[in-house]
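Asker: Structure in structure tokens, see below.
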Amino acid sequence: MAFRGKSPRFWLGRLIRNLLAWMAIAFALFPAAFVLGTSFDPAQNLRTARIVPAQPTFANYLYIFQERQEIHFPRWVINTVYVAGITAVVGVFLCALGAYSFSRFRFRGRRAGLLTILLVQMFPQTVGMVAIYLILQTVGRQIPWLGLNTHPGLILVYLGGAIGFNTWFMKGYFDTIPRSLEESALVDGATPFQAFWRIILPVARPILAVVFVVQFISVYSEYLLASLILKGSEKYTLSVGLQLFIGEAYNRRWGSFAAAAVLGAALILILFYALQSQIISGLTGGAVKE
Amino acid sequence: MFVMVVLPLVYTVYISFTNYATGNILSKSQVIELLTQRYFIPPNAPTFTFRPYGDESGIYALHLAGTAGEYVLFPDGRLFPAANHRFLDLDGDGIADELDGRRRLSLAELVRFVSRLQALAVPFGEGVIRLTTLSTMRVYSPQYHYDPTNDRLVDRQTGKEYWAKDGNFVSADGEKLDPGWVAFAGLANYLRFFRDPLYHQAFMRVFAWTVSWAVLTVVLSFALGLGLAVLLNDRHLRFRRLYRSLLIVPYAIPAFISILIWRGFFNVEVGLFNQFLGQAFGVKVPWLTTPFWARFACVLTNVWLTYPYMMLVSLGALQSIPEEMYEAAKVDGATGWQRFSRITFPLLLITVAPLLIGSFAFTFNNFTLIWLLTRGEPVVEIGSRAGATDILLSYAYKLAFMGGRGSEYNMTAALAVIIFVIVALISGISFSRTKALEEVSRGL
């Protein structure tokens with residue numbers, strides 16, 4: 001052992017460090033652990049719910065999967081995955097197109113376009129909520145499926161908010177892909193779009209995955225705009241629905257809320273830890289998670 | 001992107017310079033049209049008594065008789081002189097029993113079909129004929145006359161004049177007619193945040209809290225995150241990777257879920273914290289219901305949510321500090337604390353500062369946390385919409401969408417522009433202090 005023969009002072013330091021780390025971990029984990037534990041406790045009151053239930057059951061999980069009035073947990077999850085999924089897929093595609101043109105082609109207004117994207121992106125989209133609300137209201141009068149209280153409307157809003165930064169982010173990656181890759185394809189008679197689709201996109205797969213997941217997670221967690229735009233209980237995303245579900249009912253619905261919270265967080269946790277290193281580099285590179 | 005980012009920006013700025021709010025959302029021509037279609041009954045208005053004719057399927061026509069003449073009125077609004085129609089008095093009592101071959105309807109039948117008549121407004125002379133009772137109709141006159149040359153409305157009932165001013169028709173004694181229209185308001189909305197006592201106090205309080213909240217969150221979570229980063233950066237510590245993975249759990253859980261969990265913990269009656277504190281010390285802390293503890297809860301929750309980000313950022317920065325600097329310092333006899341405060345911290349700050357500013361801007365507008373945890377409550381001042389924990393963005397949201405006085409879109413937009421400016425200032429400082437802009441221009 002390398003540590004043999006060290007002074008007591010060294011061991012004390014070692015002990016304190018580990019102790020501190022575990023204290024911090026306890027602080028980090030106790031809410032999640034408590035929710036996980038109580039989700040198996042049939043008690044619906046937060047006061048009586050125990051982290052280690054006396055009689056653990058799956059009752060809460062079964063309960064939230066039953067359709068009932070005003071509470072459509074399965075529907076909320078489907079809505080959320082639908083909105084977040086479409087936003088992320090379309091967003092990645094549009095960002096890739098934009099980033100590719102900004103990275104490879106020299107056209108008039110390129111510089112101005114890039115700067116505009118950067119400047120506009122500094123302003124949080126939520127600040128424009130009144131305008132977004134009124135615009136969707138107006139759009140809805142002409143095109144009902146794109147107005148207030150529609151998922152396509154919400155997706156459109158999210159797309160607007162997400163594309164700017166991610167275009168920048170992707171452009172930086174595309175800049176690092178050597179041009180010779182596509183040039184050989186172009187010499188062989190491929191169109192620029194073919195070169196983009198067949199050569200660049202496969203090479204850029206890691207960055208596409210990161211942008212996809214980061215967008216998926218941020219839409220999944222977005223609350224303000226979703227609560228503003230979606231008005232019917234069956235249209236809600238999880239963030240809006242869950243909030244109304246628990247509302248002031250911590251003494252009546254804790255158990256089912258805990259089960260819903262566990263399931264709601266599980267998908268994101270899995271995604272997050274599966275792609276941990278890439279996501280962290282993406283998020284800490286400048287964007288902040290919602 | 002253009003539709004949903006640039007357009008809202010421009011539109012927000014536009015609204016902030018208007019009076020767009022409940023009561024002022026129509027255009028001026030719509031308002032004039034609406035007001036000139038309001039009617040009143042002048043004292044000398046002609047009165048008609050009427051009798052309905054028809055069959056089981058509905059009313060065929062009405063026979064109107066009064067000082068202004070005799071008419072036949074069809075339910076679709078057509079009006080003809082009675083002389084053109086055929087009346088038949090079968091029993092000779094002076095009341096026609098048939099009109100154009102249709103029989104007279106009973107009162108019960110009239111009641112059944114009357115709903116169609118209630119909407120009628122048949123032009124007659126200067127005014128319109130309308131139903132007043134089940135047997136009479138009167139001629140209503142338009143209440144307002146619009147005078148385009150002077151841009152004013154004249155009330156024919158009272159003779160009062162209303163002049164078009166700042167989006168409403170206003171009389172000399174200050175009476176406003178509703179509704180108003182969208183009009184340019186200049187800087188009025190902005191000035192109200194600084195002069196109108198109704199908004200000024202709330203605005204200043206909310207602004208102060210927003211700034212202190214963002215500063216507290218960033219400083220505390222950075223301190224905690226940095227401390228943990230230093231701890232984890234120790235190469236002799238075992239299980240570092242495991243510790244790191246566990247410590248970033250708060251970062252991986254969707255925020256809206258963990259905030260709702262924390263809200264439950266803070267619940268005064270059934271929450272975890274008060275259960276524990278009650279058993280251990282017999283105290284009951286009024287979390288979320290008194291300003292101080294509600295603010296405390298906001299900061300605590302946000303520190304929990306934010307420190308993993310700070311830790312990750314600091315870890316990255318720590319690893320980029322070259323080892324030789326520490327060795328040199330050791331040779332010179334620097335203590336552990338000196339090494340940290342003189343080398344680690346200053347070097348770290350250079351890399352981390354822009355991210356701290358970014359985090360500050362994000363916290364500044366972290367609506368989700370405030371809204372899900374406290375809704376901006378508790379109330380600090382009766383009648384004011386801003387609560388103790390409201391940040392600028394949630395205050396703006398309340399002005400537009402939680403109407404005590406209706407939707408004040410104009411005030412929200414003005415507040416949004418103020419937030420724009422603050423964010424722009426923060427970003428500007430962050431850019432000028434770092435080399436980010438140079439990197440950006442190289443990327444162009």
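Every chain in the structure tokens has a letter given in the order shown (A, B, ...), and although residue numbers restart at 1 in each chain, ligands are simply numbered from 1 in the order shown.
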For chain A, report every residue with an atom at most 6 Å from chain B (counting only C-alpha atoms), formatted as a list of chain:residue names.
Answerer: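 Close to chain B, chain A has A:Ile25, A:Ala28, A:Leu46, A:Arg47, A:Val127, A:Gly128, A:Ala131, A:Ile132, A:Val157, A:Gly160, A:Ser221, A:Ala265, A:Leu269.
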Asker: Among segment 52-205 of chain B, which residues does DSSP mark as strand (DSSP E) when it is run on the backbone? Keep the chain and numbering as in the structure and answer as a ChimeraX atom specification.
Answerer: /B:52-55,58-66,69-73,79-81,87-88,98-99,102-104,122-124,127-131,136-142,144-147,152-155,161-165,168-171
Asker: Residues within 12 Å of Val170 of chain B, please, as a PDB file with N, CA and C atoms, in the first residue's frame. Count only C-alpha atoms; anything in the same chain fewer than 2 positions from it doesn't count.
Answerer:
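Listed below is the output, result-v2.pdb:
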```pdb
ATOM      1  N   ASP B 151     -62.948  64.848 -34.846  1.00  0.00           N
ATOM      2  CA  ASP B 151     -62.554  63.611 -34.193  1.00  0.00           C
ATOM      3  C   ASP B 151     -63.162  63.509 -32.795  1.00  0.00           C
ATOM      4  N   ARG B 152     -64.506  63.637 -32.761  1.00  0.00           N
ATOM      5  CA  ARG B 152     -65.150  63.555 -31.450  1.00  0.00           C
ATOM      6  C   ARG B 152     -66.477  62.823 -31.575  1.00  0.00           C
ATOM      7  N   LEU B 153     -66.977  62.332 -30.441  1.00  0.00           N
ATOM      8  CA  LEU B 153     -68.291  61.716 -30.381  1.00  0.00           C
ATOM      9  C   LEU B 153     -69.208  62.644 -29.601  1.00  0.00           C
ATOM     10  N   VAL B 154     -70.460  62.774 -30.089  1.00  0.00           N
ATOM     11  CA  VAL B 154     -71.430  63.568 -29.344  1.00  0.00           C
ATOM     12  C   VAL B 154     -72.500  62.625 -28.812  1.00  0.00           C
ATOM     13  N   ASP B 155     -72.742  62.704 -27.517  1.00  0.00           N
ATOM     14  CA  ASP B 155     -73.785  61.893 -26.901  1.00  0.00           C
ATOM     15  C   ASP B 155     -75.113  62.603 -27.111  1.00  0.00           C
ATOM     16  N   LYS B 160     -73.332  65.605 -24.231  1.00  0.00           N
ATOM     17  CA  LYS B 160     -71.921  65.670 -23.842  1.00  0.00           C
ATOM     18  C   LYS B 160     -71.010  65.384 -25.043  1.00  0.00           C
ATOM     19  N   GLU B 161     -69.858  65.985 -25.051  1.00  0.00           N
ATOM     20  CA  GLU B 161     -68.903  65.741 -26.132  1.00  0.00           C
ATOM     21  C   GLU B 161     -67.723  64.939 -25.609  1.00  0.00           C
ATOM     22  N   TYR B 162     -67.286  63.976 -26.409  1.00  0.00           N
ATOM     23  CA  TYR B 162     -66.123  63.155 -26.039  1.00  0.00           C
ATOM     24  C   TYR B 162     -65.063  63.305 -27.114  1.00  0.00           C
ATOM     25  N   TRP B 163     -63.888  63.699 -26.727  1.00  0.00           N
ATOM     26  CA  TRP B 163     -62.803  63.936 -27.682  1.00  0.00           C
ATOM     27  C   TRP B 163     -61.845  62.752 -27.681  1.00  0.00           C
ATOM     28  N   ALA B 164     -61.359  62.435 -28.863  1.00  0.00           N
ATOM     29  CA  ALA B 164     -60.403  61.334 -28.976  1.00  0.00           C
ATOM     30  C   ALA B 164     -59.073  61.757 -28.359  1.00  0.00           C
ATOM     31  N   LYS B 165     -58.632  60.969 -27.341  1.00  0.00           N
ATOM     32  CA  LYS B 165     -57.377  61.341 -26.685  1.00  0.00           C
ATOM     33  C   LYS B 165     -56.698  60.070 -26.151  1.00  0.00           C
ATOM     34  N   ASP B 166     -55.484  59.820 -26.572  1.00  0.00           N
ATOM     35  CA  ASP B 166     -54.666  58.713 -26.063  1.00  0.00           C
ATOM     36  C   ASP B 166     -55.404  57.378 -26.027  1.00  0.00           C
ATOM     37  N   GLY B 167     -56.164  57.070 -27.057  1.00  0.00           N
ATOM     38  CA  GLY B 167     -56.742  55.739 -27.125  1.00  0.00           C
ATOM     39  C   GLY B 167     -58.132  55.607 -26.548  1.00  0.00           C
ATOM     40  N   ASN B 168     -58.740  56.711 -26.086  1.00  0.00           N
ATOM     41  CA  ASN B 168     -60.123  56.644 -25.614  1.00  0.00           C
ATOM     42  C   ASN B 168     -60.851  57.926 -26.025  1.00  0.00           C
ATOM     43  N   ALA B 172     -64.886  66.379 -21.318  1.00  0.00           N
ATOM     44  CA  ALA B 172     -64.142  67.466 -20.681  1.00  0.00           C
ATOM     45  C   ALA B 172     -63.955  67.208 -19.191  1.00  0.00           C
ATOM     46  N   ASP B 173     -64.940  66.530 -18.546  1.00  0.00           N
ATOM     47  CA  ASP B 173     -64.777  66.277 -17.117  1.00  0.00           C
ATOM     48  C   ASP B 173     -64.053  64.953 -16.843  1.00  0.00           C
ATOM     49  N   GLY B 174     -63.423  64.386 -17.880  1.00  0.00           N
ATOM     50  CA  GLY B 174     -62.545  63.232 -17.655  1.00  0.00           C
ATOM     51  C   GLY B 174     -63.224  61.885 -17.770  1.00  0.00           C
ATOM     52  N   GLU B 175     -64.497  61.846 -18.161  1.00  0.00           N
ATOM     53  CA  GLU B 175     -65.162  60.556 -18.292  1.00  0.00           C
ATOM     54  C   GLU B 175     -64.676  59.843 -19.553  1.00  0.00           C
ATOM     55  N   LYS B 176     -64.327  58.543 -19.405  1.00  0.00           N
ATOM     56  CA  LYS B 176     -63.803  57.766 -20.531  1.00  0.00           C
ATOM     57  C   LYS B 176     -64.863  56.820 -21.046  1.00  0.00           C
ATOM     58  N   LEU B 177     -64.947  56.679 -22.359  1.00  0.00           N
ATOM     59  CA  LEU B 177     -65.856  55.687 -22.920  1.00  0.00           C
ATOM     60  C   LEU B 177     -65.098  54.389 -23.163  1.00  0.00           C
ATOM     61  N   ASP B 178     -65.736  53.273 -22.785  1.00  0.00           N
ATOM     62  CA  ASP B 178     -65.145  51.959 -23.068  1.00  0.00           C
ATOM     63  C   ASP B 178     -65.845  51.355 -24.268  1.00  0.00           C
ATOM     64  N   PRO B 179     -65.198  50.587 -25.107  1.00  0.00           N
ATOM     65  CA  PRO B 179     -63.763  50.320 -25.088  1.00  0.00           C
ATOM     66  C   PRO B 179     -62.947  51.430 -25.740  1.00  0.00           C
ATOM     67  N   GLY B 180     -61.638  51.325 -25.559  1.00  0.00           N
ATOM     68  CA  GLY B 180     -60.739  52.242 -26.233  1.00  0.00           C
ATOM     69  C   GLY B 180     -60.030  51.506 -27.345  1.00  0.00           C
TER      70      GLY B 180
END
```
Asker: For each of A:Gln194, A:Thr80, A:Ser101, A:Asn251, take the minimum atom-to-atom distance to Asp175 of chain A, counting only C-alpha atoms, then give the residue where this is smallest.
Answerer: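 Using only C-alpha atoms, the shortest distance to Asp175 of chain A belongs to A:Ser101.
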Asker: Taking only segment 240-416 of chain B into account, list the residues labelled helix (DSSP H, G or I) by DSSP (computed from the backbone), as JSON, numbers by chain.
Answerer: {"B": [240, 241, 242, 243, 244, 245, 246, 247, 249, 250, 251, 252, 255, 256, 257, 258, 259, 260, 261, 262, 263, 264, 265, 266, 272, 273, 274, 275, 276, 277, 278, 279, 280, 281, 291, 292, 293, 294, 295, 296, 297, 298, 299, 300, 301, 302, 303, 304, 305, 306, 307, 308, 309, 310, 311, 312, 313, 314, 315, 316, 317, 318, 319, 323, 324, 325, 326, 327, 328, 329, 330, 331, 336, 337, 338, 339, 340, 341, 342, 343, 344, 345, 346, 347, 348, 349, 350, 351, 352, 353, 354, 355, 356, 357, 358, 359, 360, 361, 362, 363, 364, 367, 368, 369, 370, 371, 372, 373, 392, 393, 394, 395, 396, 397, 398, 399, 400, 401, 409, 410, 411, 412, 413, 414, 415, 416]}
Asker: Set the distance at 8 Å and use only C-alpha atoms: which residues neighbour Pro291 of chain B once local chain neighbours fewer than 5 positions away are removed? I'd like the list as a PyMOL selection string.
Answerer: chain B and resi 377-378+380+388-389
Asker: Write out the residues from the selection above, keeping N, CA and C atoms, as a JSON list (two decimals), in the first residue's frame.
Answerer:
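As a result, selection_1.json now contains:
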```
[["chain", "number", "residue", "atom", "x", "y", "z"],
["B", 377, "GLU", "N", -45.29, 34.41, -4.38],
["B", 377, "GLU", "CA", -45.88, 34.77, -3.10],
["B", 377, "GLU", "C", -44.82, 34.69, -2.01],
["B", 378, "PRO", "N", -45.05, 35.05, -0.79],
["B", 378, "PRO", "CA", -46.31, 35.58, -0.25],
["B", 378, "PRO", "C", -46.56, 37.04, -0.61],
["B", 380, "VAL", "N", -46.96, 40.84, -0.14],
["B", 380, "VAL", "CA", -46.37, 41.77, 0.82],
["B", 380, "VAL", "C", -47.19, 43.03, 0.97],
["B", 388, "ALA", "N", -43.47, 38.76, -2.56],
["B", 388, "ALA", "CA", -42.13, 38.91, -2.00],
["B", 388, "ALA", "C", -41.06, 38.22, -2.84],
["B", 389, "THR", "N", -41.39, 37.12, -3.49],
["B", 389, "THR", "CA", -40.36, 36.39, -4.24],
["B", 389, "THR", "C", -40.51, 36.57, -5.75]]
```
Asker: If we count only C-alpha atoms, what is near Pro346 of chain B at a cut-off of 12 Å, once residues fewer than 6 positions away on the same chain are taken out, given as a PyMOL selection string?
Answerer: chain B and resi 317-318+321+338-340+352-353
Asker: Go ahead and compute the interatomic distance for atom CA of Ala185 of chain B and atom CA of Leu228 of chain A, in Å to one decimal.
Answerer: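 Atom-to-atom, atom CA of Ala185 of chain B to atom CA of Leu228 of chain A, that is 26.5 Å.
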Asker: For Leu275 of chain A, which residue among A:Ala26, A:Tyr82, A:Val211, A:Gly153 is the nearest when counting only C-alpha atoms?
Answerer: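 Going through A:Ala26, A:Tyr82, A:Val211, A:Gly153 one by one, the smallest distance to Leu275 of chain A is for A:Val211.
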Asker: Go ahead and compute the interatomic distance for atom CA of Lys171 of chain A and atom CA of Gly98 of chain A, in Å to one decimal.
Answerer: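 Taking atom CA of Lys171 of chain A and atom CA of Gly98 of chain A, their separation equals 8.1 Å.
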Asker: Taking 2 positions as the minimum chain separation for residues in the same chain, which residues sit within 12 Å of Gly147 of chain A when counting only C-alpha atoms? Answer as a list in words.
Answerer: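 Surrounding residues, per the criterion: Ile132, Tyr133, Leu134, Ile135, Leu136, Gln137, Thr138, Val139, Gly140, Arg141, Gln142, Ile143, Pro144, Trp145, Asn149, Thr150, His151, Pro152, Gly153, Leu154, Ile155, Leu156, Val157, Leu228, Ile229, Leu230 and Lys231 of chain A.
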Asker: Write out as a PyMOL selection string each polymer residue whose atoms come within 8 Å of segment 193-206 of chain B, counting only C-alpha atoms; drop sequence neighbours fewer than 3 positions from it.
Answerer: chain B and resi 189-190+209-210+384-386+388-392+395
Asker: I need the chosen residues saved as an mmCIF file, in the first residue's frame, with N, CA and C atoms.
Answerer:
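File written: selection_27.cif
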```cif
data_model
loop_
_atom_site.group_PDB
_atom_site.id
_atom_site.type_symbol
_atom_site.label_atom_id
_atom_site.label_comp_id
_atom_site.auth_asym_id
_atom_site.auth_seq_id
_atom_site.Cartn_x
_atom_site.Cartn_y
_atom_site.Cartn_z
ATOM 1 N N ASN B 189 -45.538 54.012 -20.562
ATOM 2 C CA ASN B 189 -45.500 52.761 -19.809
ATOM 3 C C ASN B 189 -44.239 52.667 -18.965
ATOM 4 N N TYR B 190 -43.122 53.074 -19.566
ATOM 5 C CA TYR B 190 -41.855 52.999 -18.841
ATOM 6 C C TYR B 190 -41.872 53.946 -17.648
ATOM 7 N N TRP B 209 -35.009 42.397 -5.341
ATOM 8 C CA TRP B 209 -34.999 40.970 -5.022
ATOM 9 C C TRP B 209 -34.411 40.163 -6.172
ATOM 10 N N THR B 210 -34.745 40.517 -7.400
ATOM 11 C CA THR B 210 -34.229 39.774 -8.546
ATOM 12 C C THR B 210 -32.705 39.783 -8.551
ATOM 13 N N SER B 384 -51.203 45.006 -4.513
ATOM 14 C CA SER B 384 -50.089 44.988 -5.452
ATOM 15 C C SER B 384 -49.942 43.569 -5.992
ATOM 16 N N ARG B 385 -49.634 43.470 -7.285
ATOM 17 C CA ARG B 385 -49.562 42.138 -7.858
ATOM 18 C C ARG B 385 -48.236 41.460 -7.578
ATOM 19 N N ALA B 386 -47.223 42.222 -7.211
ATOM 20 C CA ALA B 386 -45.912 41.619 -7.018
ATOM 21 C C ALA B 386 -45.781 41.114 -5.596
ATOM 22 N N ALA B 388 -43.466 38.756 -2.562
ATOM 23 C CA ALA B 388 -42.126 38.905 -1.997
ATOM 24 C C ALA B 388 -41.056 38.219 -2.836
ATOM 25 N N THR B 389 -41.391 37.116 -3.495
ATOM 26 C CA THR B 389 -40.362 36.395 -4.236
ATOM 27 C C THR B 389 -40.514 36.565 -5.748
ATOM 28 N N ASP B 390 -41.360 37.490 -6.182
ATOM 29 C CA ASP B 390 -41.507 37.719 -7.618
ATOM 30 C C ASP B 390 -40.225 38.291 -8.204
ATOM 31 N N ILE B 391 -39.760 37.690 -9.307
ATOM 32 C CA ILE B 391 -38.664 38.305 -10.047
ATOM 33 C C ILE B 391 -39.283 39.104 -11.192
ATOM 34 N N LEU B 392 -38.464 39.860 -11.899
ATOM 35 C CA LEU B 392 -39.023 40.735 -12.939
ATOM 36 C C LEU B 392 -39.867 39.948 -13.929
ATOM 37 N N TYR B 395 -43.193 38.850 -12.435
ATOM 38 C CA TYR B 395 -44.028 40.048 -12.290
ATOM 39 C C TYR B 395 -44.628 40.413 -13.650
#
```
Asker: Report, in Å with one decimal, the straight-line distance from atom CA of Tyr146 of chain B to atom CA of Glu33 of chain B.
Answerer: 9.2 Å
Asker: Could you check the closest approach to Gly232 of chain A for each of A:Asp41, A:Ile71, A:Phe27, A:Ala185 and tell me which residue wins, using only C-alpha atoms?
Answerer: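 Closest to Gly232 of chain A of all the choices is A:Ile71.
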